[in-house]
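The file model_3.txt comes next; it holds compact mmCIF, C-alpha atoms.
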```txt
# COMPACT_ATOMS: atom_id res chain seq x y z
CA MET E 987 0.00 0.00 0.00
CA ASN E 988 2.91 2.37 0.76
CA THR E 989 4.19 1.82 -2.78
CA LEU E 990 0.77 2.80 -4.12
CA VAL E 991 0.89 6.01 -2.07
CA ILE E 992 4.33 6.79 -3.56
CA ILE E 993 2.96 6.23 -7.07
CA ILE E 994 0.07 8.59 -6.32
CA ILE E 995 2.49 11.24 -5.02
CA LEU E 996 4.70 10.86 -8.11
CA ALA E 997 1.63 11.19 -10.36
CA VAL E 998 0.56 14.38 -8.56
CA PHE E 999 4.14 15.68 -8.87
CA ALA E 1000 4.26 14.90 -12.59
CA ILE E 1001 0.96 16.65 -13.26
CA GLU E 1002 0.91 19.59 -10.85
CA VAL E 1003 4.46 20.95 -10.80
CA PRO E 1004 4.89 21.25 -14.62
CA TYR E 1005 1.36 22.73 -14.85
CA LEU E 1006 2.21 25.44 -12.33
CA ALA E 1007 5.60 26.08 -13.96
CA LYS E 1008 3.92 26.41 -17.36
CA ALA E 1009 1.55 28.98 -15.88
CA LYS E 1010 4.68 30.89 -14.72
CA ARG E 1011 3.74 30.36 -11.06
CA TYR E 1012 7.27 29.32 -10.16
CA GLY E 1013 6.88 30.05 -6.44
CA GLU E 1014 3.83 27.82 -6.12
CA ALA E 1015 5.53 25.13 -8.24
CA GLY E 1016 8.62 25.26 -5.99
CA VAL E 1017 6.68 25.02 -2.71
CA ALA E 1018 4.36 22.26 -4.01
CA GLY E 1019 7.38 20.38 -5.41
CA ALA E 1020 9.24 20.70 -2.10
CA MET E 1021 6.27 19.39 -0.10
CA LEU E 1022 5.78 16.46 -2.48
CA THR E 1023 9.50 15.64 -2.37
CA ILE E 1024 9.45 15.62 1.45
CA SER E 1025 6.39 13.34 1.29
CA ILE E 1026 8.18 10.91 -1.06
CA ILE E 1027 11.28 10.85 1.15
CA TYR E 1028 9.21 10.02 4.24
CA MET E 1029 7.26 7.32 2.39
CA LEU E 1030 10.57 5.75 1.30
CA ASP E 1031 11.66 6.04 4.93
CA LEU E 1032 8.62 3.97 5.90
CA ILE E 1033 9.42 1.31 3.33
CA TYR E 1034 13.18 1.05 3.89
CA GLY E 1035 13.19 1.86 7.63
CA TRP E 1036 15.72 4.72 7.51
CA ASN E 1037 14.26 6.15 10.75
CA LEU E 1038 14.57 9.77 9.64
CA PRO E 1039 13.81 12.36 12.34
CA THR E 1040 10.27 13.71 12.11
CA LEU E 1041 8.53 16.91 13.19
CA ARG E 1042 6.86 14.93 16.00
CA GLU E 1043 10.23 13.98 17.52
CA GLY E 1044 11.39 17.59 17.40
CA VAL E 1045 8.14 18.74 18.99
CA SER E 1046 8.47 16.10 21.73
CA ARG E 1047 12.09 17.06 22.44
CA VAL E 1048 11.18 20.71 22.93
CA PHE E 1049 7.75 20.54 24.55
CA VAL E 1050 7.70 17.40 26.75
CA PRO E 1051 9.95 19.19 29.32
CA VAL E 1052 7.52 22.14 29.25
CA THR E 1053 4.57 19.83 29.94
CA THR E 1054 6.54 18.16 32.75
CA LEU E 1055 7.28 21.58 34.21
CA LEU E 1056 3.59 22.49 34.07
CA SER E 1057 2.61 19.18 35.74
CA ASN E 1058 5.13 19.74 38.51
CA LEU E 1059 3.44 23.02 39.37
CA PHE E 1060 0.57 21.02 40.84
CA ILE E 1061 2.33 18.42 42.98
CA MET M 961 -2.81 40.35 -1.57
CA PRO M 962 -4.94 37.86 0.40
CA ALA M 963 -4.71 34.15 -0.43
CA GLN M 964 -8.48 33.84 0.01
CA PRO M 965 -10.90 36.53 -1.26
CA ALA M 966 -11.79 38.84 1.64
CA ASN M 967 -15.38 39.25 0.40
CA ILE M 968 -16.19 35.81 1.83
CA LYS M 969 -17.81 36.47 5.19
CA ILE M 970 -19.17 33.91 7.63
CA GLY M 971 -21.74 34.59 10.33
CA GLY M 972 -21.42 34.06 14.07
CA TYR M 973 -23.44 30.84 13.99
CA MET M 974 -21.14 29.40 11.31
CA LEU M 975 -18.10 30.38 13.35
CA ALA M 976 -19.64 28.72 16.41
CA SER M 977 -20.21 25.50 14.44
CA ILE M 978 -16.63 25.55 13.09
CA LEU M 979 -15.17 26.06 16.57
CA LEU M 980 -17.48 23.47 18.11
CA MET M 981 -16.48 20.88 15.52
CA PHE M 982 -12.78 21.76 15.68
CA ASP M 983 -12.59 21.55 19.46
CA THR M 984 -15.00 18.85 20.60
CA THR M 985 -14.38 16.20 17.93
CA THR M 986 -11.16 14.90 19.44
CA ALA M 987 -11.65 16.35 22.94
CA ILE M 988 -14.72 14.16 23.63
CA LEU M 989 -12.77 11.06 22.56
CA PHE M 990 -9.53 11.69 24.43
CA ILE M 991 -10.23 13.93 27.44
CA PRO M 992 -12.38 11.50 29.54
CA PRO M 993 -9.64 8.87 30.05
CA VAL M 994 -6.93 11.50 30.64
CA VAL M 995 -8.85 13.40 33.34
CA ALA M 996 -10.11 10.18 34.95
CA GLN M 997 -6.53 8.84 35.17
CA ILE M 998 -5.33 11.96 37.01
CA ALA M 999 -8.26 13.28 39.04
CA GLY M 1000 -10.44 10.17 39.30
CA ARG M 1001 -14.09 10.96 40.06
CA ASP M 1002 -13.34 14.72 40.07
CA GLY M 1003 -12.21 14.69 36.45
CA TRP M 1004 -15.55 16.10 35.26
CA MET M 1005 -14.56 19.50 36.69
CA ALA M 1006 -11.62 19.92 34.28
CA PRO M 1007 -13.59 21.20 31.22
CA LEU M 1008 -15.40 23.72 33.43
CA ILE M 1009 -12.12 25.00 34.92
CA THR M 1010 -10.80 25.69 31.41
CA ILE M 1011 -13.63 28.14 30.60
CA PRO M 1012 -11.75 31.30 31.77
CA ALA M 1013 -8.74 30.27 29.63
CA ALA M 1014 -11.01 29.79 26.63
CA VAL M 1015 -12.59 33.22 27.18
CA TYR M 1016 -9.06 34.69 27.38
CA ILE M 1017 -8.15 33.17 23.99
CA VAL M 1018 -11.35 34.45 22.40
CA LEU M 1019 -10.90 37.98 23.77
CA VAL M 1020 -7.22 38.13 22.75
CA THR M 1021 -7.66 36.73 19.23
CA VAL M 1022 -10.78 38.81 18.51
CA LYS M 1023 -9.04 41.98 19.76
CA LEU M 1024 -5.97 41.20 17.63
CA GLY M 1025 -8.22 40.65 14.63
CA SER M 1026 -9.94 43.98 15.16
CA LEU M 1027 -6.56 45.75 15.48
CA PHE M 1028 -5.47 44.35 12.11
CA PRO M 1029 -8.64 44.28 9.99
CA GLY M 1030 -8.60 41.94 7.00
CA LYS M 1031 -5.44 40.15 8.17
CA THR M 1032 -4.89 36.68 9.59
CA ILE M 1033 -2.36 36.00 12.36
CA ILE M 1034 0.14 34.87 9.69
CA GLU M 1035 -0.16 38.28 8.01
CA TYR M 1036 0.02 40.49 11.10
CA LEU M 1037 2.81 38.57 12.83
CA PRO M 1038 5.50 40.38 10.74
CA LEU M 1039 3.73 43.71 11.40
CA VAL M 1040 3.94 43.20 15.16
CA LEU M 1041 7.23 41.33 15.63
CA GLY M 1042 9.18 42.63 12.64
CA LYS M 1043 9.78 40.92 9.32
CA VAL M 1044 12.31 38.25 10.35
CA LEU M 1045 10.95 37.23 13.76
CA GLY M 1046 7.39 37.51 12.48
CA LYS M 1047 8.09 35.10 9.62
CA ILE M 1048 9.85 32.66 11.96
CA VAL M 1049 6.87 32.62 14.34
CA ALA M 1050 4.48 32.32 11.36
CA TRP M 1051 6.39 29.21 10.20
CA GLY M 1052 6.21 27.99 13.80
CA TYR M 1053 2.41 28.27 13.65
CA LEU M 1054 2.33 26.36 10.35
CA LEU M 1055 4.46 23.55 11.83
CA PHE M 1056 2.20 23.52 14.89
CA LEU M 1057 -0.83 23.13 12.61
CA PHE M 1058 0.92 20.39 10.60
CA TYR M 1059 1.63 18.52 13.85
CA LEU M 1060 -1.92 19.05 15.11
CA VAL M 1061 -3.78 18.09 11.93
CA ALA M 1062 -1.55 15.08 11.13
CA THR M 1063 -2.13 13.86 14.70
CA VAL M 1064 -5.89 14.32 14.26
CA LEU M 1065 -5.76 12.25 11.05
CA ARG M 1066 -3.92 9.53 12.94
CA GLU M 1067 -6.50 9.77 15.74
CA ALA M 1068 -9.27 9.37 13.16
CA MET M 1069 -7.66 6.18 11.90
CA ALA M 1070 -7.18 5.01 15.49
CA LEU M 1071 -10.91 5.48 16.08
CA LEU M 1072 -11.89 3.54 12.95
CA TYR M 1073 -9.50 0.66 13.58
CA GLY M 1074 -9.24 0.76 17.40
CA THR M 1075 -12.98 0.35 17.82
CA GLY M 1076 -13.13 -2.53 15.36
CA ILE M 1077 -15.27 -0.72 12.77
CA PHE M 1078 -12.64 -1.28 10.06
CA ARG M 1079 -10.54 -4.44 10.21
CA GLN M 1080 -9.21 -5.59 6.86
CA THR M 1081 -9.11 -2.37 4.86
CA PRO M 1082 -5.52 -1.03 4.72
CA VAL M 1083 -5.15 2.04 6.98
CA GLN M 1084 -3.61 4.04 4.13
CA ALA M 1085 -6.69 3.43 1.97
CA ALA M 1086 -9.06 4.80 4.60
CA ALA M 1087 -6.73 7.75 5.30
CA LEU M 1088 -6.35 8.45 1.57
CA LEU M 1089 -10.13 8.60 1.07
CA LEU M 1090 -10.54 10.92 4.06
CA VAL M 1091 -7.76 13.22 2.80
CA LEU M 1092 -9.34 13.18 -0.67
CA ALA M 1093 -12.59 14.46 0.86
CA THR M 1094 -10.84 17.14 2.95
CA THR M 1095 -8.73 18.25 -0.05
CA TYR M 1096 -11.82 18.63 -2.22
CA ALA M 1097 -13.51 20.71 0.50
CA THR M 1098 -10.37 22.83 1.06
CA ALA M 1099 -10.14 23.58 -2.66
CA SER M 1100 -13.82 24.63 -2.64
CA GLY M 1101 -13.05 27.45 -0.22
CA LEU M 1102 -14.13 28.69 3.19
CA GLU M 1103 -17.71 29.47 2.22
CA SER M 1104 -18.39 25.87 1.16
CA ILE M 1105 -16.56 24.52 4.20
CA SER M 1106 -18.42 26.71 6.68
CA ARG M 1107 -21.85 26.02 5.14
CA THR M 1108 -21.24 22.27 5.04
CA ILE M 1109 -19.96 22.26 8.62
CA TRP M 1110 -22.96 24.31 9.78
CA TYR M 1111 -25.44 21.79 8.32
CA TYR M 1112 -23.48 18.82 9.60
CA CYS M 1113 -23.05 20.44 12.99
CA VAL M 1114 -26.81 20.74 13.52
CA PHE M 1115 -27.18 17.04 12.70
CA ILE M 1116 -24.22 16.00 14.87
CA VAL M 1117 -25.32 18.09 17.88
CA LEU M 1118 -28.85 16.64 17.69
CA ALA M 1119 -27.60 13.06 17.25
CA TYR M 1120 -25.04 13.32 20.06
CA THR M 1121 -27.56 14.99 22.39
CA LEU M 1122 -29.97 12.11 21.77
CA TYR M 1123 -27.10 9.66 22.39
CA LEU M 1124 -26.38 11.32 25.75
CA LEU M 1125 -30.07 11.55 26.64
CA GLY M 1126 -30.38 7.82 25.92
CA ALA M 1127 -27.63 7.28 28.49
CA VAL M 1128 -29.27 9.34 31.27
CA PRO M 1129 -31.47 6.53 32.75
CA PHE M 1130 -28.35 4.41 33.29
CA MET M 1131 -26.30 7.05 35.07
CA ASN M 1132 -25.41 6.50 38.71
CA PHE M 1133 -24.45 9.92 40.04
CA ASN M 1134 -23.19 8.42 43.32
CA GLU M 1135 -20.06 7.51 41.30
CA LEU M 1136 -19.11 11.21 41.39
CA LEU M 1137 -19.26 11.46 45.18
CA PRO M 1138 -17.49 12.67 47.26
CA VAL M 1139 -16.88 15.84 45.25
CA GLY M 1140 -13.39 17.30 45.61
CA GLU M 1141 -11.83 14.09 46.93
CA ALA M 1142 -8.78 14.41 44.64
CA GLY M 1143 -7.76 17.77 46.08
CA PHE M 1144 -7.08 21.15 44.41
CA ASN M 1145 -3.63 20.38 42.99
CA THR M 1146 -4.65 17.07 41.42
CA ILE M 1147 -7.77 18.57 39.89
CA MET M 1148 -5.71 21.44 38.46
CA LYS M 1149 -3.16 18.95 37.10
CA SER M 1150 -5.97 17.12 35.31
CA THR M 1151 -6.87 20.36 33.48
CA LEU M 1152 -3.56 20.56 31.55
CA THR M 1153 -4.69 18.44 28.58
CA PRO M 1154 -8.21 19.96 28.51
CA HIS M 1155 -6.55 23.42 28.51
CA ALA M 1156 -4.53 22.35 25.46
CA TYR M 1157 -7.60 21.10 23.61
CA ARG M 1158 -9.55 24.25 24.54
CA GLY M 1159 -6.67 26.35 23.29
CA GLU M 1160 -7.43 25.15 19.75
CA LEU M 1161 -9.83 28.10 19.73
CA VAL M 1162 -6.74 30.07 18.66
CA ILE M 1163 -7.84 29.29 15.09
CA ILE M 1164 -10.09 32.37 15.49
CA ALA M 1165 -6.90 34.35 14.77
CA PHE M 1166 -6.80 32.70 11.32
CA LEU M 1167 -10.53 33.00 10.66
CA TYR M 1168 -11.20 36.54 11.92
CA PRO M 1169 -10.86 38.33 8.53
CA TYR M 1170 -13.59 36.10 7.13
CA ILE M 1171 -16.10 36.79 9.94
CA LYS M 1172 -18.85 39.35 9.25
CA ASN M 1173 -18.05 41.71 12.14
CA HIS M 1174 -16.59 42.03 15.62
CA LYS M 1175 -19.91 41.35 17.37
CA GLU M 1176 -20.56 38.16 15.39
CA ALA M 1177 -17.03 36.97 16.16
CA LEU M 1178 -17.49 37.48 19.89
CA LEU M 1179 -21.00 36.02 20.04
CA GLY M 1180 -20.07 33.02 17.89
CA SER M 1181 -16.93 32.27 19.89
CA LEU M 1182 -18.53 32.66 23.30
CA SER M 1183 -21.52 30.50 22.37
CA ALA M 1184 -19.03 27.91 21.06
CA ILE M 1185 -17.28 27.93 24.45
CA ALA M 1186 -20.61 27.29 26.22
CA LEU M 1187 -21.48 24.40 23.90
CA ILE M 1188 -17.99 22.88 24.01
CA SER M 1189 -17.92 23.01 27.82
CA PHE M 1190 -21.37 21.44 28.04
CA PHE M 1191 -20.67 18.56 25.66
CA ILE M 1192 -17.25 17.64 27.06
CA THR M 1193 -18.46 17.81 30.68
CA ALA M 1194 -21.62 15.83 29.85
CA SER M 1195 -19.53 13.18 28.07
CA ILE M 1196 -17.17 12.79 31.05
CA VAL M 1197 -20.09 12.62 33.49
CA ALA M 1198 -21.88 10.06 31.30
CA CYS M 1199 -18.75 7.87 31.02
CA MET M 1200 -17.93 8.03 34.73
CA THR M 1201 -21.47 7.50 36.01
CA ILE M 1202 -22.23 4.60 33.66
CA MET M 1203 -18.91 2.80 33.15
CA GLY M 1204 -17.33 3.82 36.44
CA VAL M 1205 -14.15 5.84 36.98
CA GLU M 1206 -11.79 2.85 36.64
CA VAL M 1207 -13.09 1.75 33.25
CA THR M 1208 -13.24 5.34 31.97
CA SER M 1209 -9.60 5.89 32.88
CA ARG M 1210 -8.49 2.76 31.02
CA VAL M 1211 -10.58 2.97 27.86
CA TYR M 1212 -9.80 5.34 25.00
CA TYR M 1213 -12.90 6.41 23.07
CA SER M 1214 -14.89 5.87 26.28
CA ALA M 1215 -17.72 7.97 24.77
CA PHE M 1216 -17.94 5.37 21.99
CA PHE M 1217 -17.99 2.41 24.38
CA LEU M 1218 -20.87 4.02 26.31
CA ALA M 1219 -23.04 2.47 23.60
CA ASP M 1220 -22.29 -0.97 25.10
CA TYR M 1221 -24.14 0.04 28.27
CA ILE M 1222 -27.25 1.39 26.49
CA PRO M 1223 -29.73 -1.30 25.34
CA THR M 1224 -30.69 0.48 22.07
CA SER M 1225 -29.09 -1.45 19.19
CA GLY M 1226 -26.96 0.09 16.42
CA LEU M 1227 -25.76 3.04 18.52
CA LYS M 1228 -22.11 2.35 17.80
CA ILE M 1229 -22.67 2.67 14.07
CA VAL M 1230 -24.53 5.96 14.61
CA PHE M 1231 -21.68 7.20 16.81
CA VAL M 1232 -18.94 6.28 14.32
CA THR M 1233 -20.92 7.76 11.42
CA ILE M 1234 -21.33 11.13 13.12
CA TRP M 1235 -17.74 11.06 14.31
CA VAL M 1236 -16.33 10.39 10.85
CA ILE M 1237 -18.27 13.46 9.65
CA ALA M 1238 -16.97 15.48 12.62
CA LEU M 1239 -13.39 14.34 12.00
CA TRP M 1240 -13.76 15.29 8.33
CA GLY M 1241 -14.85 18.75 9.51
CA LYS M 1242 -11.91 19.15 11.85
CA LEU M 1243 -9.40 17.90 9.27
CA THR M 1244 -10.87 20.14 6.57
CA ILE M 1245 -10.62 23.26 8.72
CA GLY M 1246 -7.08 22.31 9.69
CA GLN M 1247 -6.01 21.64 6.11
CA PHE M 1248 -7.61 24.90 4.96
CA LEU M 1249 -5.78 26.90 7.65
CA ILE M 1250 -2.43 25.29 6.78
CA THR M 1251 -2.95 25.89 3.07
CA ILE M 1252 -3.93 29.57 3.36
CA GLY M 1253 -1.19 30.02 5.96
CA MET M 1254 1.42 28.56 3.60
CA ALA M 1255 0.17 30.75 0.74
CA GLN M 1256 0.24 33.87 2.94
CA VAL M 1257 3.67 33.24 4.41
CA CYS M 1258 5.07 32.62 0.90
CA GLY M 1259 3.22 35.65 -0.50
CA PHE M 1260 1.12 33.75 -3.08
CA LYS M 1261 -2.08 35.23 -4.51
CA ASP M 1262 -4.02 31.98 -4.46
CA TYR M 1263 -3.82 29.11 -1.98
CA ARG M 1264 -5.37 26.44 -4.25
CA PRO M 1265 -2.16 25.25 -5.99
CA LEU M 1266 -0.89 24.10 -2.57
CA THR M 1267 -4.04 22.22 -1.53
CA ILE M 1268 -3.13 18.76 -2.88
CA SER M 1269 0.49 18.96 -1.71
CA VAL M 1270 -0.60 19.89 1.82
CA GLY M 1271 -3.12 17.02 1.81
CA ILE M 1272 -0.45 14.53 0.74
CA MET M 1273 1.97 15.82 3.34
CA LEU M 1274 -0.66 15.41 6.07
CA LEU M 1275 -1.33 11.86 4.88
CA VAL M 1276 2.36 10.99 5.04
CA PHE M 1277 3.01 12.78 8.35
CA ALA M 1278 0.04 10.99 9.96
CA GLU M 1279 1.71 7.72 9.08
CA VAL M 1280 5.31 8.51 10.02
CA PHE M 1281 4.72 10.53 13.22
CA TYR M 1282 3.72 7.55 15.37
CA SER M 1283 4.91 3.98 14.93
CA ASN M 1284 1.74 2.68 16.63
CA THR M 1285 -1.46 3.89 18.30
CA THR M 1286 -0.20 3.35 21.85
CA GLU M 1287 2.76 5.63 21.15
CA MET M 1288 0.31 8.30 19.98
CA PHE M 1289 -1.88 7.97 23.08
CA LEU M 1290 1.18 8.35 25.31
CA SER M 1291 2.76 11.14 23.27
CA VAL M 1292 -0.18 13.54 22.91
CA PRO M 1293 -0.87 14.24 26.64
CA ALA M 1294 2.91 14.52 27.23
CA THR M 1295 3.48 17.02 24.41
CA PHE M 1296 0.29 18.91 23.65
CA PRO M 1297 0.01 21.01 26.87
CA GLY M 1298 3.57 22.31 26.33
CA ILE M 1299 2.91 23.34 22.72
CA ALA M 1300 -0.45 24.81 23.70
CA LEU M 1301 1.18 27.00 26.35
CA PHE M 1302 3.23 28.75 23.66
CA PHE M 1303 1.17 28.71 20.48
CA GLU M 1304 -2.30 28.94 21.99
CA TYR M 1305 -1.82 31.07 25.11
CA LEU M 1306 1.49 32.96 25.38
CA ILE M 1307 2.18 34.09 21.80
CA PRO M 1308 -1.29 35.59 21.12
CA GLY M 1309 -1.19 37.35 24.50
CA LEU M 1310 2.30 38.73 23.85
CA LEU M 1311 1.29 39.80 20.33
CA LEU M 1312 -1.62 41.80 21.74
CA LEU M 1313 0.63 43.40 24.35
CA ILE M 1314 3.27 44.38 21.77
CA ALA M 1315 0.63 45.65 19.33
CA TRP M 1316 -0.91 47.81 22.06
CA LEU M 1317 2.49 49.19 23.06
CA LYS M 1318 3.29 49.98 19.41
CA ILE M 1319 -0.02 51.74 18.95
CA LYS M 1320 0.49 53.68 22.17
CA ALA M 1321 4.00 54.64 21.04
CA SER M 1322 2.76 55.82 17.65
CA ARG M 1323 -0.04 57.80 19.41
CA GLY M 1324 -3.15 57.14 17.44
CA VAL M 1325 -1.51 56.10 14.16
CA SER M 1326 -3.02 52.99 12.48
CA PRO M 1327 -1.68 49.64 13.81
CA ASN M 1328 -0.22 48.92 10.37
CA ALA M 1329 2.01 51.97 10.60
CA PRO M 1330 4.93 50.60 12.71
CA ALA M 1331 5.82 47.92 10.15
CA GLU M 1332 5.49 50.28 7.20
CA THR M 1333 7.90 52.80 8.69
```
Here is a file; write its structure as structure tokens.
Amino acid sequence: MNTLVIIIILAVFAIEVPYLAKAKRYGEAGVAGAMLTISIIYMLDLIYGWNLPTLREGVSRVFVPVTTLLSNLFI
Amino acid sequence: MPAQPANIKIGGYMLASILLMFDTTTAILFIPPVVAQIAGRDGWMAPLITIPAAVYIVLVTVKLGSLFPGKTIIEYLPLVLGKVLGKIVAWGYLLFLFYLVATVLREAMALLYGTGIFRQTPVQAAALLLVLATTYATASGLESISRTIWYYCVFIVLAYTLYLLGAVPFMNFNELLPVGEAGFNTIMKSTLTPHAYRGELVIIAFLYPYIKNHKEALLGSLSAIALISFFITASIVACMTIMGVEVTSRVYYSAFFLADYIPTSGLKIVFVTIWVIALWGKLTIGQFLITIGMAQVCGFKDYRPLTISVGIMLLVFAEVFYSNTTEMFLSVPATFPGIALFFEYLIPGLLLLIAWLKIKASRGVSPNAPAET
């Protein structure tokens, strides 16, 4: 199923990015292309088990101590 | 130039339905076990204690919106904090929304599969279909989203009220006695996660330019707070008085499993049906906010070219963020209150303070003036 998702992402990439570039909306094409590339990389990560760092891990690293601090206010 | 035409205006009742759907959908599913684990039989007080914080968010975001007419928080952040810091915080808000909405998508899948409604369908297929529906709605624009959510909201509120009313004869209110047994500190500790969920009302700062006027924004938001508080408290009380505090604290989706204790047949299907609609609503609003936010922060005229890419990214993030459902259930209460403190409570408050100081310093000049000079 993950392979199917990658194929769908590649299809969207192949259709959308050239369409936007043709319409001279290079900014939109760049941002959409970047987001789709990130999506493909993370899907490959799921398949091959590269264990790339995710946004969730970054969020946990920064904000779990804050939550702990807040909890400790009410001991 | 705005990423979404400013002539689209939604009424107070539509805003109330958007906020109600955005806040209660996941809160009703996940708050009962969290508060029951910490405060036991006093957990029902937590949603009521969060009301002042919710009113604070509404007052701050509505005031900010009225200081910067026609601008979302993403657009006025650089005006208040300066171009560089403003853009950094704006990207912070987008990442926060990505984290929030991807987690909600994962929670939606956890509901469908964790409750046994779906068993053999691949998770990605169900997620893909849901994202397809939210992407279509996002591309249709805020007017379509708000109208659809308004109609659905009436149906969902009626259906859920009937569901709760059906549970009333089986409630044993002695389960809630003695009141205050957990003690002040423990009860306050149990409010951390509910505070985080209630803080999601910060989306008013994104929606304000599309609301008809100041009065509608205030009335819609405050009536949403009343409804949200009622439904979350009623759900906790129903779970605790029917299933008992112990079971409530151990079972995720305890509101769903209430149906096991009510003799009427087919209630679970009704519950899951209305919740899939509600989750669609929450995901759609989230995806719309991310997409217009991305377009605004990048300075694009139209947000639509980014809609599909944002949808795909949410689909992928929902899958890679958590290796399993248990990890998600442990991670959210440990992380969300910390994020909420900054992005939902502190930053909007600080923005209002700085904006006021800037206006005071410029002595009556328009709030847009400091950034233009």
I need the contact residues of chain M against chain E, so if you could list those with any atom within 7 Å, counting all atoms listed in the file, and return them as a ChimeraX atom specification, that would help. /M:1059,1084,1145-1146,1148-1149,1265-1266,1269,1272-1273,1276,1280-1281,1294-1295,1297-1299
Only C-alpha atoms, please: the residues just picked out, written as a PDB file, in the frame of the given file.
```
ATOM      1  CA  TYR M1059       1.630  18.520  13.850  1.00  0.00           C
ATOM      2  CA  GLN M1084      -3.610   4.040   4.130  1.00  0.00           C
ATOM      3  CA  ASN M1145      -3.630  20.380  42.990  1.00  0.00           C
ATOM      4  CA  THR M1146      -4.650  17.070  41.420  1.00  0.00           C
ATOM      5  CA  MET M1148      -5.710  21.440  38.460  1.00  0.00           C
ATOM      6  CA  LYS M1149      -3.160  18.950  37.100  1.00  0.00           C
ATOM      7  CA  PRO M1265      -2.160  25.250  -5.990  1.00  0.00           C
ATOM      8  CA  LEU M1266      -0.890  24.100  -2.570  1.00  0.00           C
ATOM      9  CA  SER M1269       0.490  18.960  -1.710  1.00  0.00           C
ATOM     10  CA  ILE M1272      -0.450  14.530   0.740  1.00  0.00           C
ATOM     11  CA  MET M1273       1.970  15.820   3.340  1.00  0.00           C
ATOM     12  CA  VAL M1276       2.360  10.990   5.040  1.00  0.00           C
ATOM     13  CA  VAL M1280       5.310   8.510  10.020  1.00  0.00           C
ATOM     14  CA  PHE M1281       4.720  10.530  13.220  1.00  0.00           C
ATOM     15  CA  ALA M1294       2.910  14.520  27.230  1.00  0.00           C
ATOM     16  CA  THR M1295       3.480  17.020  24.410  1.00  0.00           C
ATOM     17  CA  PRO M1297       0.010  21.010  26.870  1.00  0.00           C
ATOM     18  CA  GLY M1298       3.570  22.310  26.330  1.00  0.00           C
ATOM     19  CA  ILE M1299       2.910  23.340  22.720  1.00  0.00           C
TER      20      ILE M1299
END
```
If you count all atoms listed in the file, which residues fall within 12 Å of Gly1052 (chain M), apart from same-chain ones fewer than 4 positions away, as a ChimeraX atom specification? /E:1041,1045 /M:1033-1034,1037,1045-1048,1056-1059,1250,1253-1254,1257,1299,1302-1304,1307
Between CA of Ala1255 (chain M) and CA of Tyr1012 (chain E), what distance in Å does the model show, to one decimal? 13.1 Å
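Across the model, the gap from CA of Gly1271 (chain M) to CA of Thr1075 (chain M) is 25.1 Å.
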Would you mind listing what lies within 9 Å of region 993-1007 of chain M as an NGL selection string, with only C-alpha atoms counted and same-chain residues fewer than 2 positions away left out? :M and (989-991 or 1009-1011 or 1135-1143 or 1146-1155 or 1158 or 1188-1190 or 1192-1197 or 1200 or 1204-1214 or 1293)
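Between CA of Arg1264 (chain M) and CA of Ala1099 (chain M) the separation is 5.8 Å.
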Please, which residues are within 12 Å of (0.5, 32.5, 26.7) by the file's coordinates, counting all atoms listed in the file, and could they come as a PyMOL selection string? chain M and resi 1013-1014+1016-1017+1020-1021+1155-1156+1159+1162+1297-1313
Where's the centre, and what are the edge lengths in Å to one decimal, of a box along x, y and z enclosing all listed atoms of region 1123-1140 of chain M padded 3 Å per side, as AutoDock Vina command-line options?
```
--center_x -22.4 --center_y 10.9 --center_z 34.8 --size_x 24.1 --size_y 18.9 --size_z 30.9
```
Would you pick out the contacts of region 981-983 of chain M at 7 Å or less, using only C-alpha atoms, so that residues sharing its chain but fewer than 3 positions from it are not included, and give the list as a list in words? Ser977, Ile978, Thr986, Ala987, Tyr1157, Arg1158, Glu1160, Ala1238, Gly1241 and Lys1242 of chain M
Output region 998-1005 of chain E from the block with N, CA and C atoms, as a CSV table (one decimal), in the first residue's frame?
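Heads up, here's the output in result26.csv:
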```csv
chain,number,residue,atom,x,y,z
E,998,VAL,N,0.9,13.0,-8.9
E,998,VAL,CA,0.6,14.4,-8.6
E,998,VAL,C,1.7,15.3,-8.9
E,999,PHE,N,2.9,14.9,-8.6
E,999,PHE,CA,4.1,15.7,-8.9
E,999,PHE,C,4.2,15.9,-10.4
E,1000,ALA,N,4.1,14.8,-11.1
E,1000,ALA,CA,4.3,14.9,-12.6
E,1000,ALA,C,3.2,15.8,-13.3
E,1001,ILE,N,2.0,15.8,-12.6
E,1001,ILE,CA,1.0,16.7,-13.3
E,1001,ILE,C,1.0,18.1,-12.8
E,1002,GLU,N,1.1,18.3,-11.4
E,1002,GLU,CA,0.9,19.6,-10.8
E,1002,GLU,C,2.1,20.5,-11.0
E,1003,VAL,N,3.3,20.0,-10.8
E,1003,VAL,CA,4.5,20.9,-10.8
E,1003,VAL,C,4.7,21.5,-12.2
E,1004,PRO,N,4.7,20.7,-13.3
E,1004,PRO,CA,4.9,21.2,-14.6
E,1004,PRO,C,3.8,22.2,-15.0
E,1005,TYR,N,2.5,21.9,-14.5
E,1005,TYR,CA,1.4,22.7,-14.9
E,1005,TYR,C,1.6,24.1,-14.3
```
